[in-house]
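Below: query35.cif (mmCIF, C-alpha atoms)
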data_query
loop_
_atom_site.group_PDB
_atom_site.id
_atom_site.type_symbol
_atom_site.label_atom_id
_atom_site.label_comp_id
_atom_site.auth_asym_id
_atom_site.auth_seq_id
_atom_site.Cartn_x
_atom_site.Cartn_y
_atom_site.Cartn_z
ATOM 1 C CA MET A 149 -6.329 -6.410 -11.879
ATOM 2 C CA VAL A 150 -9.494 -7.268 -9.981
ATOM 3 C CA PHE A 151 -7.424 -8.947 -7.293
ATOM 4 C CA LYS A 152 -5.334 -5.783 -6.856
ATOM 5 C CA GLY A 153 -8.465 -3.743 -6.131
ATOM 6 C CA PHE A 154 -9.813 -6.376 -3.757
ATOM 7 C CA GLU A 155 -6.485 -6.650 -1.968
ATOM 8 C CA THR A 156 -6.166 -2.888 -1.538
ATOM 9 C CA THR A 157 -9.713 -2.563 -0.210
ATOM 10 C CA TYR A 158 -9.302 -5.521 2.150
ATOM 11 C CA HIS A 159 -5.931 -4.320 3.456
ATOM 12 C CA PHE A 160 -6.995 -0.771 4.247
ATOM 13 C CA THR A 161 -10.424 -1.571 5.671
ATOM 14 C CA LYS A 162 -8.851 -4.110 8.038
ATOM 15 C CA LEU A 163 -6.223 -1.543 9.063
ATOM 16 C CA LEU A 164 -8.939 1.050 9.600
ATOM 17 C CA SER A 165 -10.959 -1.290 11.778
ATOM 18 C CA LYS A 166 -7.877 -2.219 13.838
ATOM 19 C CA TYR A 167 -6.411 1.307 14.186
ATOM 20 C CA LYS A 168 -9.485 3.541 14.256
ATOM 21 C CA ASP A 169 -7.834 6.688 15.603
ATOM 22 C CA SER A 170 -4.208 6.074 14.664
ATOM 23 C CA LEU A 171 -4.304 4.724 11.121
ATOM 24 C CA VAL A 172 -1.664 7.116 9.764
ATOM 25 C CA THR A 173 0.901 6.152 12.376
ATOM 26 C CA ASN A 174 0.290 2.424 11.805
ATOM 27 C CA ILE A 175 -0.111 2.490 8.018
ATOM 28 C CA SER A 176 2.948 0.291 7.431
ATOM 29 C CA ASP A 177 1.489 -2.656 9.382
ATOM 30 C CA THR A 178 1.778 -5.771 7.214
ATOM 31 C CA SER A 179 -0.491 -8.090 9.185
ATOM 32 C CA PHE A 180 -3.291 -7.946 6.572
ATOM 33 C CA THR A 181 -1.184 -8.452 3.434
ATOM 34 C CA LEU A 182 -2.644 -10.992 1.005
ATOM 35 C CA PHE A 183 -0.756 -11.252 -2.292
ATOM 36 C CA ASN A 184 1.438 -8.192 -2.738
ATOM 37 C CA SER A 185 3.206 -6.079 -0.184
ATOM 38 C CA PHE A 186 2.979 -2.343 0.315
ATOM 39 C CA LYS A 187 5.823 -0.100 1.408
ATOM 40 C CA LEU A 188 3.933 2.942 2.638
ATOM 41 C CA THR A 189 5.904 5.858 3.980
ATOM 42 C CA PRO A 190 4.641 9.229 5.207
ATOM 43 C CA VAL A 191 6.060 12.191 3.303
ATOM 44 C CA LYS A 192 6.564 15.619 4.853
ATOM 45 C CA LEU A 193 7.037 18.564 2.518
ATOM 46 C CA LYS A 194 8.349 20.728 5.348
ATOM 47 C CA PRO A 195 10.516 19.081 8.027
ATOM 48 C CA THR A 196 9.044 21.342 10.714
ATOM 49 C CA ASN A 197 5.515 20.068 10.058
ATOM 50 C CA PRO A 198 4.587 17.457 12.708
ATOM 51 C CA ALA A 199 2.019 15.706 10.504
ATOM 52 C CA ALA A 200 2.631 13.982 7.199
ATOM 53 C CA ASP A 201 1.438 15.796 4.099
ATOM 54 C CA PHE A 202 0.673 12.585 2.228
ATOM 55 C CA ILE A 203 1.487 8.872 2.228
ATOM 56 C CA GLU A 204 3.335 7.312 -0.676
ATOM 57 C CA ASN A 205 3.716 3.675 -1.735
ATOM 58 C CA LYS A 206 7.383 3.084 -2.511
ATOM 59 C CA LYS A 207 6.883 -0.493 -3.763
ATOM 60 C CA LEU A 208 5.416 -0.489 -7.257
ATOM 61 C CA TYR A 209 4.809 -3.381 -9.600
ATOM 62 C CA PHE A 210 5.202 -3.005 -13.352
ATOM 63 C CA ILE A 211 3.816 -5.695 -15.607
ATOM 64 C CA LYS A 212 3.738 -6.098 -19.367
ATOM 65 C CA LYS A 213 1.857 -8.364 -21.700
ATOM 66 C CA GLN A 214 4.130 -9.877 -24.298
ATOM 67 C CA ALA A 215 3.299 -12.675 -26.702
ATOM 68 C CA GLY A 216 0.102 -13.482 -24.821
ATOM 69 C CA THR A 217 1.741 -13.838 -21.410
ATOM 70 C CA VAL A 218 1.917 -11.410 -18.521
ATOM 71 C CA LYS A 219 5.426 -10.793 -17.189
ATOM 72 C CA SER A 220 6.784 -8.771 -14.307
ATOM 73 C CA VAL A 221 9.176 -6.034 -15.368
ATOM 74 C CA ILE A 222 10.932 -5.671 -12.011
#
Turn the structure described in the file into structure tokens.
Amino acid sequence: MVFKGFETTYHFTKLLSKYKDSLVTNISDTSFTLFNSFKLTPVKLKPTNPAADFIENKKLYFIKKQAGTVKSVI
């Protein structure tokens, strides 16, 4: 789980340094992906709103620990 936190921090700080003023429009850039991929999509609650209300990650990873081993559920 430590790697997940490192990867998230690395990915978004690199994106922020590359796209200082336009991070939201370039949030789906995959050039700084290390181990896992993100599928980030902007979500608008009202279609008439020009800006996104929030950004959601559509690619989730579920893992379980069974019999001493870690397995991917998906």
Residues matched by the PyMOL selection byres ((chain A and resi 186-193) around 12) as a PyMOL selection string: chain A and resi 152+155-156+159-160+171-185+194-209
Listed atoms of stretch 198-213 of chain A boxed along x, y and z, 4 Å each side, centre and edge lengths in Å, one decimal, as JSON:
{"center_x": 4.0, "center_y": 4.5, "center_z": -4.5, "size_x": 14.7, "size_y": 33.8, "size_z": 42.4}
Coordinates-based distance that separates atom CA of A:Phe154 from atom CA of A:Lys168 (Å, one decimal):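 About the pair atom CA of A:Lys168 and atom CA of A:Phe154: they are 20.6 Å apart.
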Atomic distance atom CA of A:Thr157 - atom CA of A:Ser220, expressed in Å with one decimal: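 Straight-line distance from atom CA of A:Thr157 to atom CA of A:Ser220 works out to 22.6 Å.
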